[in-house]
Amino acid sequence: MSSSTHDHDHGHDDGAVHAHISDTKFMLGIFSALIVLTVITVAVSRVDLGAANSFVAIFVATIKASLVATFFMHLRHDKPFNSVIFVSAFVFLGVFLVYTLNDVDTRGAIDRSNGTRIYERSGEVAPGGFTPRGDMGHGAAGAHAAPAGGHEAPAH
Amino acid sequence: MSTVTPSTEHAPEGGGHAHPKWLQHHFDTPVHQFETAKLGMWIFIATEILMFGGLFVAYTIFRGQEMEMFHAAHQQLNWKMGAVNTIVLLFSSLTAALAVRQAQVGDRKGTTRYIVITLLCALAFLVIKYFEYAAKLEHGTLPGRCFGHPWFADHCIGGGAAVQPLPVHGLTTRASMFFAMYFMMTGLHGVHVLVGMGILTWVLMRNLRGDFSKEYFTAVEVGALYWHLVDLVWIYLFPLLYLVG
């Protein structure tokens with residue numbers, strides 16, 4: 001069932017663990033690559049590239065993380081399903097990020113003078129942001145449900 | 001393999017197979033047990049990524065909203081200390097991987113040596129982190145109502161409502177947000193370093209006790225996987241917090 005390249009894994013069916021044994025020099029090589037990439041990411045961050053700085057930082061970090069996962073964490077010689085689990089975590093993190101950004105981006109802008117969120121067109125306080133102190137409920141949906149004296153001091 | 005050994009504890013249930021004492025009875029073979037342990041660890045690692053992911057998503061959103069503030073505030077962090085800590089953690093990841101390798105070839109002393117080096121690196125990381133945190137507290141960049149006040153200053157300890165955040169180092173009080181992200185992300189990571197040290201100490205004790213062999217080194221492998229996760233998270237934290245802000 002297996003080719004010669006994998007016979008250390010499945011070639012003989014004695015049920016014993018025959019995990020791939022990494023070469024020490026190879027591991028040192030991976031470590032050197034990680035150090036070089038760290039130096040690169042620090043060096044690039046000292047130069048102002050605008051928005052590209054963040055891109056380079058994430059890109060280099062992802063290469064480093066891949067090296068660690070592939071070789072130090074043995075995904076290279078592991079069952080592929082472990083890699084599927086690992087990568088799926090990042091896929092779901094992406095879903096989390098994209099939907100949250102989509103939500104936040106439709107919530108109005110920060111009004112820097114008082115730190116609240118407002119709709120730029122109407123000037124109303126946008127939902128999802130915190131309201132100014134001493135003016136609880138203004139512009140928020142909850143204000144309609146509050147009793148007539150809703151502007152008194154909060155119950156707590 | 002199929003000879004019946006009456007002295008073996010699990011022989012009756014095991015259908016006549018001799019079981020090594022480290023093979024639990026609900027696994028067919030050592031490789032079955034080993035692969036199951038690793039699968040469980042990878043699923044746990046996925047949940048850890050998602051837990052840290054929440055903080056990374058928060059960081060992305062807050063930074064996107066207040067780019068200039070984040071950029072100004074990140075310059076208060078000591079990137080040289082962060083870079084040294086990066087190298088310390090990468091090196092500890094190497095030694096953790098080598099500890100597994102030595103366990104695989106049955107070199108017990110080598111495994112002990114590499115785990116001890118990994119633990120020393122972890123300790124060095126926390127010591128450097130301590131100096132970073134101490135400087136932050138002294139400069140008053142702890143987030144919250146005491147932002148801008150030196151930590152442990154009398155007027156901040158009492159919990160007086162009169163305390164208001166102050167600008168610090170030319171940063172507005174909104175920079176409190178950046179430091180909230182900084183302390184939460186590095187703090188949660190620091191807790192993982194502590195937990196990792198606990199796991200590695202447990203692996204070290206078992207190794208000294210002689211639990212592991214070429215045939216059975218699951219705890220070394222899985223403990224090292226946890227340690228690599230700690231390294232993975234820092235690989236992203238360092239550039240995002242210290243370098244680009």
# chains A, B, ... in the order shown; residues from 1 in each chain; ligands from 1

call {"tool": "residues_around", "arguments": {"residues": "Val100 of chain B", "least_positions_apart": "6", "cutoff": "7 Å", "atoms": "only C-alpha atoms", "output": "list in words"}}
result
Thr111, Val220 and Glu221 of chain B

call {"tool": "interface_residues", "arguments": {"of": "chain B", "to": "chain A", "cutoff": "6 Å", "atoms": "only C-alpha atoms", "output": "VMD selection string"}}
result
chain B and resid 29 to 31 46 57 97 225 232 235 to 236 239 243

call {"tool": "write_last_selection", "arguments": {"atoms": "N, CA and C atoms", "output": "mmCIF file, in the first residue's frame"}}
result
data_model
loop_
_atom_site.group_PDB
_atom_site.id
_atom_site.type_symbol
_atom_site.label_atom_id
_atom_site.label_comp_id
_atom_site.auth_asym_id
_atom_site.auth_seq_id
_atom_site.Cartn_x
_atom_site.Cartn_y
_atom_site.Cartn_z
ATOM 1 N N THR B 29 -2.581 -0.409 19.165
ATOM 2 C CA THR B 29 -1.135 -0.508 18.974
ATOM 3 C C THR B 29 -0.480 0.772 19.478
ATOM 4 N N PRO B 30 0.830 0.754 19.698
ATOM 5 C CA PRO B 30 1.524 1.983 20.097
ATOM 6 C C PRO B 30 1.329 3.119 19.096
ATOM 7 N N VAL B 31 1.355 2.803 17.805
ATOM 8 C CA VAL B 31 1.232 3.884 16.819
ATOM 9 C C VAL B 31 -0.190 4.473 16.871
ATOM 10 N N ALA B 46 -5.584 24.213 17.541
ATOM 11 C CA ALA B 46 -6.532 24.994 16.740
ATOM 12 C C ALA B 46 -7.395 25.877 17.643
ATOM 13 N N VAL B 57 -8.035 39.912 16.130
ATOM 14 C CA VAL B 57 -9.120 40.596 15.424
ATOM 15 C C VAL B 57 -9.371 41.955 16.078
ATOM 16 N N ALA B 97 12.497 20.978 19.836
ATOM 17 C CA ALA B 97 12.454 20.021 18.723
ATOM 18 C C ALA B 97 13.588 19.002 18.864
ATOM 19 N N LEU B 225 5.050 20.224 21.174
ATOM 20 C CA LEU B 225 4.070 20.881 20.294
ATOM 21 C C LEU B 225 3.474 22.106 20.987
ATOM 22 N N LEU B 232 4.935 30.198 18.068
ATOM 23 C CA LEU B 232 4.141 30.646 16.916
ATOM 24 C C LEU B 232 3.408 31.951 17.215
ATOM 25 N N ILE B 235 5.704 34.863 17.256
ATOM 26 C CA ILE B 235 6.174 35.216 15.908
ATOM 27 C C ILE B 235 5.272 36.301 15.302
ATOM 28 N N TYR B 236 3.976 36.262 15.628
ATOM 29 C CA TYR B 236 3.057 37.295 15.134
ATOM 30 C C TYR B 236 3.000 38.510 16.065
ATOM 31 N N PRO B 239 6.231 41.387 15.526
ATOM 32 C CA PRO B 239 6.156 42.449 14.511
ATOM 33 C C PRO B 239 4.929 43.335 14.666
ATOM 34 N N LEU B 243 7.002 46.323 16.036
ATOM 35 C CA LEU B 243 7.644 46.844 14.826
ATOM 36 C C LEU B 243 6.756 47.771 14.020
#

call {"tool": "select_by_dssp", "arguments": {"residues": "segment 2-236 of chain B", "states": "helix (DSSP H, G or I)", "output": "ChimeraX atom specification"}}
result
/B:30-65,67-74,79-104,108-139,154-157,173-209,218-236

call {"tool": "write_last_selection", "arguments": {"atoms": "C-alpha atoms", "output": "short mmCIF file (atom, residue, chain, number, x, y, z; two decimals), in the first residue's frame"}}
result
data_model
loop_
_atom_site.label_atom_id
_atom_site.label_comp_id
_atom_site.auth_asym_id
_atom_site.auth_seq_id
_atom_site.Cartn_x
_atom_site.Cartn_y
_atom_site.Cartn_z
CA PRO B 30 1.52 1.98 20.10
CA VAL B 31 1.23 3.88 16.82
CA HIS B 32 -2.54 4.12 17.34
CA GLN B 33 -1.95 5.68 20.78
CA PHE B 34 0.74 8.04 19.46
CA GLU B 35 -1.32 9.29 16.51
CA THR B 36 -4.39 9.77 18.72
CA ALA B 37 -2.43 11.88 21.21
CA LYS B 38 -1.08 14.05 18.41
CA LEU B 39 -4.50 14.47 16.82
CA GLY B 40 -5.89 15.64 20.15
CA MET B 41 -3.02 18.09 20.56
CA TRP B 42 -3.54 19.56 17.09
CA ILE B 43 -7.23 20.10 17.79
CA PHE B 44 -6.26 21.83 21.04
CA ILE B 45 -3.75 23.98 19.15
CA ALA B 46 -6.53 24.99 16.74
CA THR B 47 -8.66 26.17 19.69
CA GLU B 48 -5.69 28.10 21.07
CA ILE B 49 -5.21 29.86 17.73
CA LEU B 50 -8.87 30.85 17.80
CA MET B 51 -8.57 32.14 21.37
CA PHE B 52 -5.61 34.35 20.48
CA GLY B 53 -7.45 35.09 17.25
CA GLY B 54 -10.05 37.09 19.16
CA LEU B 55 -7.32 39.42 20.38
CA PHE B 56 -5.75 39.67 16.93
CA VAL B 57 -9.12 40.60 15.42
CA ALA B 58 -9.62 43.26 18.12
CA TYR B 59 -6.12 44.56 17.44
CA THR B 60 -6.79 44.78 13.69
CA ILE B 61 -10.03 46.70 14.19
CA PHE B 62 -8.77 49.17 16.80
CA ARG B 63 -5.61 49.78 14.82
CA GLY B 64 -7.60 50.36 11.64
CA GLN B 65 -9.67 52.98 13.42
CA MET B 67 -3.73 54.30 12.90
CA GLU B 68 -1.81 57.40 13.99
CA MET B 69 -2.42 56.72 17.68
CA PHE B 70 -1.30 53.09 17.37
CA HIS B 71 1.79 54.15 15.46
CA ALA B 72 2.72 56.78 18.04
CA ALA B 73 1.99 54.48 20.98
CA HIS B 74 3.96 51.48 19.64
CA TRP B 79 11.70 46.74 20.11
CA LYS B 80 15.23 45.68 21.04
CA MET B 81 13.92 43.78 24.06
CA GLY B 82 11.18 42.32 21.85
CA ALA B 83 13.77 41.22 19.28
CA VAL B 84 15.95 39.58 21.93
CA ASN B 85 12.88 37.77 23.26
CA THR B 86 12.06 36.62 19.72
CA ILE B 87 15.50 35.07 19.35
CA VAL B 88 15.25 33.49 22.82
CA LEU B 89 11.90 31.89 21.93
CA LEU B 90 13.03 30.71 18.48
CA PHE B 91 16.06 29.11 20.09
CA SER B 92 13.90 27.45 22.73
CA SER B 93 11.73 26.06 19.94
CA LEU B 94 14.84 24.57 18.34
CA THR B 95 15.91 22.94 21.61
CA ALA B 96 12.37 21.62 22.18
CA ALA B 97 12.45 20.02 18.72
CA LEU B 98 15.90 18.56 19.47
CA ALA B 99 14.63 17.20 22.80
CA VAL B 100 12.01 15.25 20.84
CA ARG B 101 14.66 14.05 18.41
CA GLN B 102 16.90 12.76 21.20
CA ALA B 103 13.91 11.02 22.79
CA GLN B 104 13.20 9.34 19.45
CA ARG B 108 17.65 10.12 27.64
CA LYS B 109 20.45 12.43 28.75
CA GLY B 110 20.22 14.42 25.53
CA THR B 111 16.49 14.87 26.03
CA THR B 112 17.08 16.08 29.60
CA ARG B 113 19.74 18.51 28.42
CA TYR B 114 17.56 20.03 25.70
CA ILE B 115 14.48 20.32 27.92
CA VAL B 116 16.54 22.10 30.58
CA ILE B 117 17.87 24.55 27.95
CA THR B 118 14.29 25.14 26.75
CA LEU B 119 13.17 25.85 30.31
CA LEU B 120 16.06 28.27 30.86
CA CYS B 121 15.09 30.12 27.67
CA ALA B 122 11.50 30.33 28.92
CA LEU B 123 12.77 31.80 32.17
CA ALA B 124 14.96 34.30 30.30
CA PHE B 125 11.94 35.33 28.23
CA LEU B 126 9.90 36.02 31.37
CA VAL B 127 12.73 37.96 33.03
CA ILE B 128 13.05 40.23 29.97
CA LYS B 129 9.26 40.58 29.93
CA TYR B 130 9.36 41.58 33.60
CA PHE B 131 11.75 44.43 32.87
CA GLU B 132 9.55 45.58 29.99
CA TYR B 133 6.41 45.54 32.12
CA ALA B 134 8.17 47.28 35.02
CA ALA B 135 9.24 50.12 32.72
CA LYS B 136 5.69 50.43 31.37
CA LEU B 137 4.19 50.63 34.87
CA GLU B 138 6.74 53.22 35.90
CA HIS B 139 6.04 55.40 32.85
CA ASP B 154 -0.76 57.08 46.12
CA HIS B 155 -3.61 58.86 44.37
CA CYS B 156 -4.12 55.91 42.03
CA ILE B 157 -4.21 53.12 44.60
CA THR B 173 -5.37 59.35 26.73
CA ARG B 174 -6.89 57.28 23.91
CA ALA B 175 -3.50 55.57 23.63
CA SER B 176 -4.69 53.67 26.69
CA MET B 177 -6.38 51.46 24.07
CA PHE B 178 -3.06 50.45 22.50
CA PHE B 179 -1.61 49.51 25.86
CA ALA B 180 -4.74 47.56 26.73
CA MET B 181 -4.12 45.46 23.60
CA TYR B 182 -0.41 45.22 24.39
CA PHE B 183 -0.94 43.98 27.95
CA MET B 184 -3.77 41.60 27.03
CA MET B 185 -1.90 40.00 24.12
CA THR B 186 1.52 39.73 25.74
CA GLY B 187 -0.12 38.87 29.08
CA LEU B 188 -2.11 35.96 27.66
CA HIS B 189 1.03 34.86 25.84
CA GLY B 190 3.00 35.16 29.09
CA VAL B 191 0.48 32.89 30.82
CA HIS B 192 1.08 30.38 28.04
CA VAL B 193 4.82 30.61 28.66
CA LEU B 194 4.19 29.79 32.33
CA VAL B 195 1.89 26.87 31.47
CA GLY B 196 4.44 25.66 28.91
CA MET B 197 7.13 25.72 31.58
CA GLY B 198 4.87 23.61 33.79
CA ILE B 199 4.30 21.08 31.00
CA LEU B 200 8.01 20.92 30.14
CA THR B 201 8.89 20.44 33.81
CA TRP B 202 6.43 17.53 33.96
CA VAL B 203 7.99 16.03 30.80
CA LEU B 204 11.46 16.53 32.32
CA MET B 205 10.47 14.72 35.54
CA ARG B 206 9.03 11.81 33.60
CA ASN B 207 12.15 11.67 31.44
CA LEU B 208 14.38 11.60 34.54
CA ARG B 209 12.18 8.84 35.93
CA THR B 218 4.42 10.74 23.29
CA ALA B 219 4.56 13.23 26.17
CA VAL B 220 7.84 14.70 24.90
CA GLU B 221 6.36 15.15 21.43
CA VAL B 222 3.07 16.64 22.64
CA GLY B 223 4.75 18.87 25.25
CA ALA B 224 7.07 20.20 22.55
CA LEU B 225 4.07 20.88 20.29
CA TYR B 226 2.62 23.11 23.03
CA TRP B 227 5.92 24.93 23.34
CA HIS B 228 6.08 25.52 19.58
CA LEU B 229 2.59 27.03 19.77
CA VAL B 230 3.89 29.56 22.31
CA ASP B 231 6.63 30.39 19.81
CA LEU B 232 4.14 30.65 16.92
CA VAL B 233 2.01 33.22 18.74
CA TRP B 234 5.06 35.34 19.56
CA ILE B 235 6.17 35.22 15.91
CA TYR B 236 3.06 37.29 15.13
#
